[in-house]
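Everything below concerns the one structure shown next.
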Amino acid sequence: MKCRFSSLVPIALALVGAPLAAQESENITAKAENDHPAAAEGPPGDIGSGGAPSQRPGGSSVLSGDWLAIGGGFVFAANYSGSDEYRVLAVPVVAANFKGIGIRPRAAGLSINLLEGMRGDVTFSAGPIFRFRGDRTGNFKDEAVEAAGKLDTALELGLQTGVSFNRVFTRFDRVSVGLDVQFDVAGAHGGKIIDPGVSYSTALNRGTVLALSIGAQYVDDDFAEYYYSVTPEQSAASGLPEFDADSGWHKAGATLAMGFDLSGDFRDGGVIMGGALGYRRMLGDAADTPFTSLRGDANQFTAIFGVAYVF
């Protein structure tokens with residue numbers, strides 16, 4: 001799995017834990033079947049438990065070919081980037097593999113990996129991504145922030161690319177390094193976001209996967225000015241001091257995610273559950289802006305829980 005600042009979270013957003021579980025199991029099982037036929041029954045006995053449940057005819061995994069995961073979840077996150085007020089959002093969960101193409105959820109968006117069918121000790125990912133960004137577009141909980149004015153929703157399109165090193169410490173783990181580049185095409189902030197990250201994921205047993213991702217985001221002047229500057233007009237309306245934000249690293253953090261199969265074996269499909277906890281620290285002008293330093297908090301926390309059915 002390629003790291004996502006929102007995996008993150010995962011995942012996130014970032015980002016729901018349930019598709020993470022399906023993705024990890026699919027790759028682990030397929031690698032075991034292709035490269036170690038004797039290991040096709042799953043992780044060895046010291047990390048697995050009991051006999052494998054029935055799968056497709058012939059013993060193949062539901063996740064070794066085309067599959068679809070559909071479900072839903074909840075995200076606990078800040079009201080906007082830099083806010084000290086939090087809200088709970090209901091989100092859909094959709095993930096799939098189809099003919100060697102992987103579709104994965106993102107924070108308010110999706111990513112497509114055109115190289116999902118690759119196998120081996122080193123694999124690559126590349127494809128389009130998109131997300132909606134709704135910071136300070138409504139549901140204000142702070143009077144000063146609301147007085148500064150409502151922002152437009154951004155639609156960010158771009159590309160993701162990455163490399164994964166499989167079976168680094170065990171037969172069932174992976175280290176991934178990735179980079180996203182996205183541009184607003186809806187005329188909101190009109191800027192660019194660069195999102196590098198690294199992740200480590202592993203199977204603890206046939207029905208449990210764990211992933212840790214670390215990442216940061218760099219934004220250009222257009223993005224920073226739109227979300228973090230306080231113009232004279234905004235200052236007069238809200239009472240916040242004027243502030244001129246510039247490009248730079250605007251946040252960094254980590255996410256820990258886990259996925260579980262209720263039957264104890266991802267290979268038979270069915271109901272899977274996932275969760276993630278994340279921490280982000282606002283940086284540079286994103287931390288210094290009055291929206292964060294006076295009316296919010298540079299420390300940002302997220303929690304995610306999702307349930308999906310895989311078939």
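Letters A, B, ... go to the chains of the structure tokens in the order shown; residues in each chain start at 1; ligands are counted from 1 in the same order.
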Distance query segment 196-201 of chain A at most 6 Å, only C-alpha atoms, self and fewer than 6 positions along chain excluded, as an mmCIF file with N, CA and C atoms, in the first residue's frame:
```
data_model
loop_
_atom_site.group_PDB
_atom_site.id
_atom_site.type_symbol
_atom_site.label_atom_id
_atom_site.label_comp_id
_atom_site.auth_asym_id
_atom_site.auth_seq_id
_atom_site.Cartn_x
_atom_site.Cartn_y
_atom_site.Cartn_z
ATOM 1 N N CYS A 3 1.794 4.950 0.812
ATOM 2 C CA CYS A 3 1.406 5.822 1.928
ATOM 3 C C CYS A 3 0.530 6.963 1.453
ATOM 4 N N ASP A 173 5.091 -8.448 4.610
ATOM 5 C CA ASP A 173 5.128 -7.013 4.915
ATOM 6 C C ASP A 173 5.558 -6.219 3.689
ATOM 7 N N ARG A 174 5.534 -4.890 3.852
ATOM 8 C CA ARG A 174 5.802 -4.004 2.719
ATOM 9 C C ARG A 174 6.221 -2.620 3.219
ATOM 10 N N VAL A 175 7.211 -2.043 2.571
ATOM 11 C CA VAL A 175 7.594 -0.650 2.779
ATOM 12 C C VAL A 175 7.316 0.098 1.479
ATOM 13 N N SER A 176 6.572 1.193 1.568
ATOM 14 C CA SER A 176 6.167 1.943 0.373
ATOM 15 C C SER A 176 6.571 3.399 0.501
ATOM 16 N N VAL A 177 6.988 3.965 -0.624
ATOM 17 C CA VAL A 177 7.308 5.389 -0.707
ATOM 18 C C VAL A 177 6.504 5.966 -1.867
ATOM 19 N N GLY A 178 5.832 7.086 -1.637
ATOM 20 C CA GLY A 178 4.970 7.624 -2.686
ATOM 21 C C GLY A 178 4.941 9.133 -2.736
ATOM 22 N N LEU A 179 4.405 9.640 -3.820
ATOM 23 C CA LEU A 179 4.285 11.079 -4.026
ATOM 24 C C LEU A 179 2.998 11.375 -4.784
ATOM 25 N N LEU A 210 -1.858 -4.420 9.788
ATOM 26 C CA LEU A 210 -1.459 -3.211 10.500
ATOM 27 C C LEU A 210 -0.640 -2.345 9.568
ATOM 28 N N ALA A 211 -0.849 -1.025 9.614
ATOM 29 C CA ALA A 211 -0.088 -0.119 8.758
ATOM 30 C C ALA A 211 0.224 1.171 9.505
ATOM 31 N N LEU A 212 1.445 1.648 9.351
ATOM 32 C CA LEU A 212 1.879 2.940 9.890
ATOM 33 C C LEU A 212 2.341 3.799 8.732
ATOM 34 N N SER A 213 1.790 4.998 8.609
ATOM 35 C CA SER A 213 2.180 5.898 7.523
ATOM 36 C C SER A 213 2.623 7.239 8.094
ATOM 37 N N ILE A 214 3.624 7.824 7.450
ATOM 38 C CA ILE A 214 4.159 9.126 7.840
ATOM 39 C C ILE A 214 4.213 9.977 6.589
ATOM 40 N N GLY A 215 3.770 11.233 6.686
ATOM 41 C CA GLY A 215 3.756 12.074 5.498
ATOM 42 C C GLY A 215 3.736 13.551 5.824
#
```
For the contact check between segment 147-237 of chain A and segment 287-311 of chain A, emit one row per residue of segment 147-237 of chain A within 12 Å, containing the shortest atom pair and the distance in Å rounded to one decimal, counting only C-alpha atoms, chain then rising number order, as a tab-separated table.
```
residue	atom	partner	partner_atom	distance
A:Ala147	CA	A:Phe291	CA	11.6
A:Ala148	CA	A:Phe291	CA	9.5
A:Gly149	CA	A:Phe291	CA	11.9
A:Ala224	CA	A:Thr289	CA	9.8
A:Glu225	CA	A:Thr289	CA	10.3
A:Tyr226	CA	A:Thr289	CA	11.5
A:Tyr227	CA	A:Phe291	CA	8.9
A:Tyr228	CA	A:Thr289	CA	5.6
A:Ser229	CA	A:Thr289	CA	6.7
A:Val230	CA	A:Pro290	CA	7.7
A:Thr231	CA	A:Pro290	CA	11.4
A:Gln234	CA	A:Phe291	CA	11.2
A:Ser235	CA	A:Pro290	CA	10.0
```
Calculated over only C-alpha atoms, which of the candidates A:Phe183, A:Phe124, A:Phe76, A:Phe140 has the smallest distance to Asn166 of chain A?
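Counting only C-alpha atoms, the residue closest to Asn166 of chain A is A:Phe124.
Nearest residue to Trp249 of chain A, choosing from A:Gly138, A:Gly117, A:Gly284, A:Gly264 and counting only C-alpha atoms: A:Gly284.
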Going by DSSP on the backbone, which bits of segment 214-244 of chain A are strand (DSSP E or B)? Write them as a PyMOL selection string, please.
chain A and resi 214-219+230+243
Going by DSSP on the backbone, which bits of segment 211-265 of chain A are alpha helix (DSSP H)? Write them as a VMD selection string, please.
chain A and resid 221 to 228 232 to 238
Go ahead and save the residues from that selection, with C-alpha atoms, as a PDB file, in the first residue's frame.
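Below is the file again32.pdb, written as the result:
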```pdb
ATOM      1  CA  ASP A 221       1.437  30.535  -2.695  1.00  0.00           C
ATOM      2  CA  ASP A 222      -2.073  30.340  -4.165  1.00  0.00           C
ATOM      3  CA  PHE A 223      -3.138  27.627  -1.721  1.00  0.00           C
ATOM      4  CA  ALA A 224      -1.535  29.323   1.277  1.00  0.00           C
ATOM      5  CA  GLU A 225      -2.998  32.722   0.456  1.00  0.00           C
ATOM      6  CA  TYR A 226      -6.513  31.331   0.011  1.00  0.00           C
ATOM      7  CA  TYR A 227      -6.688  29.298   3.226  1.00  0.00           C
ATOM      8  CA  TYR A 228      -4.273  31.019   5.608  1.00  0.00           C
ATOM      9  CA  PRO A 232      -7.835  43.709   5.192  1.00  0.00           C
ATOM     10  CA  GLU A 233     -11.507  43.027   4.408  1.00  0.00           C
ATOM     11  CA  GLN A 234     -11.496  39.785   6.405  1.00  0.00           C
ATOM     12  CA  SER A 235      -9.710  41.525   9.269  1.00  0.00           C
ATOM     13  CA  ALA A 236     -12.299  44.311   9.404  1.00  0.00           C
ATOM     14  CA  ALA A 237     -15.170  41.815   9.375  1.00  0.00           C
ATOM     15  CA  SER A 238     -13.763  39.322  11.879  1.00  0.00           C
TER      16      SER A 238
END
```
With a distance cut-off of 7 Å and only C-alpha atoms, select the neighbouring residues of Asn113 of chain A, excluding the residue or stretch itself and same-chain residues fewer than 3 positions from it, and output the selection as a PDB file with N, CA and C atoms, in the first residue's frame.
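part.pdb, written as the output of this step:
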```
ATOM      1  N   ILE A 101      -6.447  -3.057 -12.312  1.00  0.00           N
ATOM      2  CA  ILE A 101      -6.555  -1.644 -11.916  1.00  0.00           C
ATOM      3  C   ILE A 101      -7.133  -1.581 -10.510  1.00  0.00           C
ATOM      4  N   GLY A 102      -6.504  -0.829  -9.627  1.00  0.00           N
ATOM      5  CA  GLY A 102      -6.968  -0.704  -8.257  1.00  0.00           C
ATOM      6  C   GLY A 102      -7.644   0.626  -8.010  1.00  0.00           C
ATOM      7  N   ILE A 103      -8.769   0.599  -7.338  1.00  0.00           N
ATOM      8  CA  ILE A 103      -9.499   1.816  -6.955  1.00  0.00           C
ATOM      9  C   ILE A 103      -9.540   1.853  -5.434  1.00  0.00           C
ATOM     10  N   GLU A 116      -1.833  -1.945 -10.482  1.00  0.00           N
ATOM     11  CA  GLU A 116      -2.191  -2.770  -9.331  1.00  0.00           C
ATOM     12  C   GLU A 116      -1.867  -4.244  -9.546  1.00  0.00           C
ATOM     13  N   SER A 125       3.365   1.917  -8.436  1.00  0.00           N
ATOM     14  CA  SER A 125       1.991   2.397  -8.586  1.00  0.00           C
ATOM     15  C   SER A 125       2.017   3.726  -9.323  1.00  0.00           C
ATOM     16  N   ALA A 126       0.975   3.962 -10.103  1.00  0.00           N
ATOM     17  CA  ALA A 126       0.850   5.223 -10.832  1.00  0.00           C
ATOM     18  C   ALA A 126      -0.581   5.339 -11.327  1.00  0.00           C
ATOM     19  N   GLY A 127      -1.103   6.559 -11.301  1.00  0.00           N
ATOM     20  CA  GLY A 127      -2.451   6.764 -11.797  1.00  0.00           C
ATOM     21  C   GLY A 127      -3.033   8.080 -11.333  1.00  0.00           C
TER      22      GLY A 127
END
```
Counting only C-alpha atoms, figure out which residue out of A:Arg267, A:Arg87, A:Arg281, A:Leu151 gets nearest to Ser61 of chain A.
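Looking at the shortest contact to Ser61 of chain A, the residue is A:Arg267.
From atom CA of Asp285 of chain A back to atom CA of Ala144 of chain A, the distance works out to 18.7 Å.
When the distance limit is 8 Å and only C-alpha atoms are what count, the residues near Lys192 of chain A, minus those fewer than 2 positions from it on the same chain, are Val181, Gln182, Phe183, Asp184, Gly190, Ile194, Val219, Asp220, Asp222 and Phe223 of chain A.
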Using C-alpha atoms, can you export the residues from the last selection as a tab-separated table (two decimals), in the first residue's frame?
```tsv
chain	number	residue	atom	x	y	z
A	181	VAL	CA	0.79	16.07	-6.93
A	182	GLN	CA	-2.62	17.74	-7.20
A	183	PHE	CA	-4.04	20.95	-8.69
A	184	ASP	CA	-7.31	22.74	-7.98
A	190	GLY	CA	-6.24	27.53	-7.75
A	194	ILE	CA	2.68	18.12	-3.16
A	219	VAL	CA	1.52	23.95	-0.76
A	220	ASP	CA	2.15	26.82	-3.15
A	222	ASP	CA	-2.07	30.34	-4.16
A	223	PHE	CA	-3.14	27.63	-1.72
```
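Each of A:Gly73, A:Gly65, A:Gly248, A:Gly134 was checked against Gly275 of chain A using only C-alpha atoms; the smallest atom-to-atom distance is that of A:Gly73.
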At a cut-off of 10 Å, using only C-alpha atoms, what residues contact Ala96 of chain A? Leave out same-chain residues fewer than 4 positions from it and give the result as a list in words.
Pro19, Ala22, Gln23, Leu63, Asp66, Trp67, Leu68, Ala69, Ile70, Ile101, Gly102, Ile103, Arg104, Pro105, Ile112, Val310 and Phe311 of chain A
At a cut-off of 7 Å, using only C-alpha atoms, what residues contact Ala216 of chain A? Leave out same-chain residues fewer than 4 positions from it and give the result as a list in words.
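Skipping anything fewer than 4 positions along the chain leaves Phe5, Asp195, Pro196, Gly197, Lys251, Ala252 and Gly253 of chain A.
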Write a file of the selected residues as an mmCIF file, in the first residue's frame, keeping C-alpha atoms.
```
data_model
loop_
_atom_site.group_PDB
_atom_site.id
_atom_site.type_symbol
_atom_site.label_atom_id
_atom_site.label_comp_id
_atom_site.auth_asym_id
_atom_site.auth_seq_id
_atom_site.Cartn_x
_atom_site.Cartn_y
_atom_site.Cartn_z
ATOM 1 C CA PHE A 5 -1.132 11.553 4.192
ATOM 2 C CA ASP A 195 2.204 15.159 -0.825
ATOM 3 C CA PRO A 196 5.170 12.801 -0.172
ATOM 4 C CA GLY A 197 4.976 9.935 2.285
ATOM 5 C CA LYS A 251 1.440 20.049 7.846
ATOM 6 C CA ALA A 252 3.110 16.751 8.738
ATOM 7 C CA GLY A 253 2.039 13.749 10.732
#
```
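With only C-alpha atoms taken into account, the protein and nucleic acid residues at most 6 Å from His250 of chain A (excluding it and anything under 3 positions from it in its own chain) are Tyr218, Met282, Leu283, Gly284 and Ala286 of chain A.
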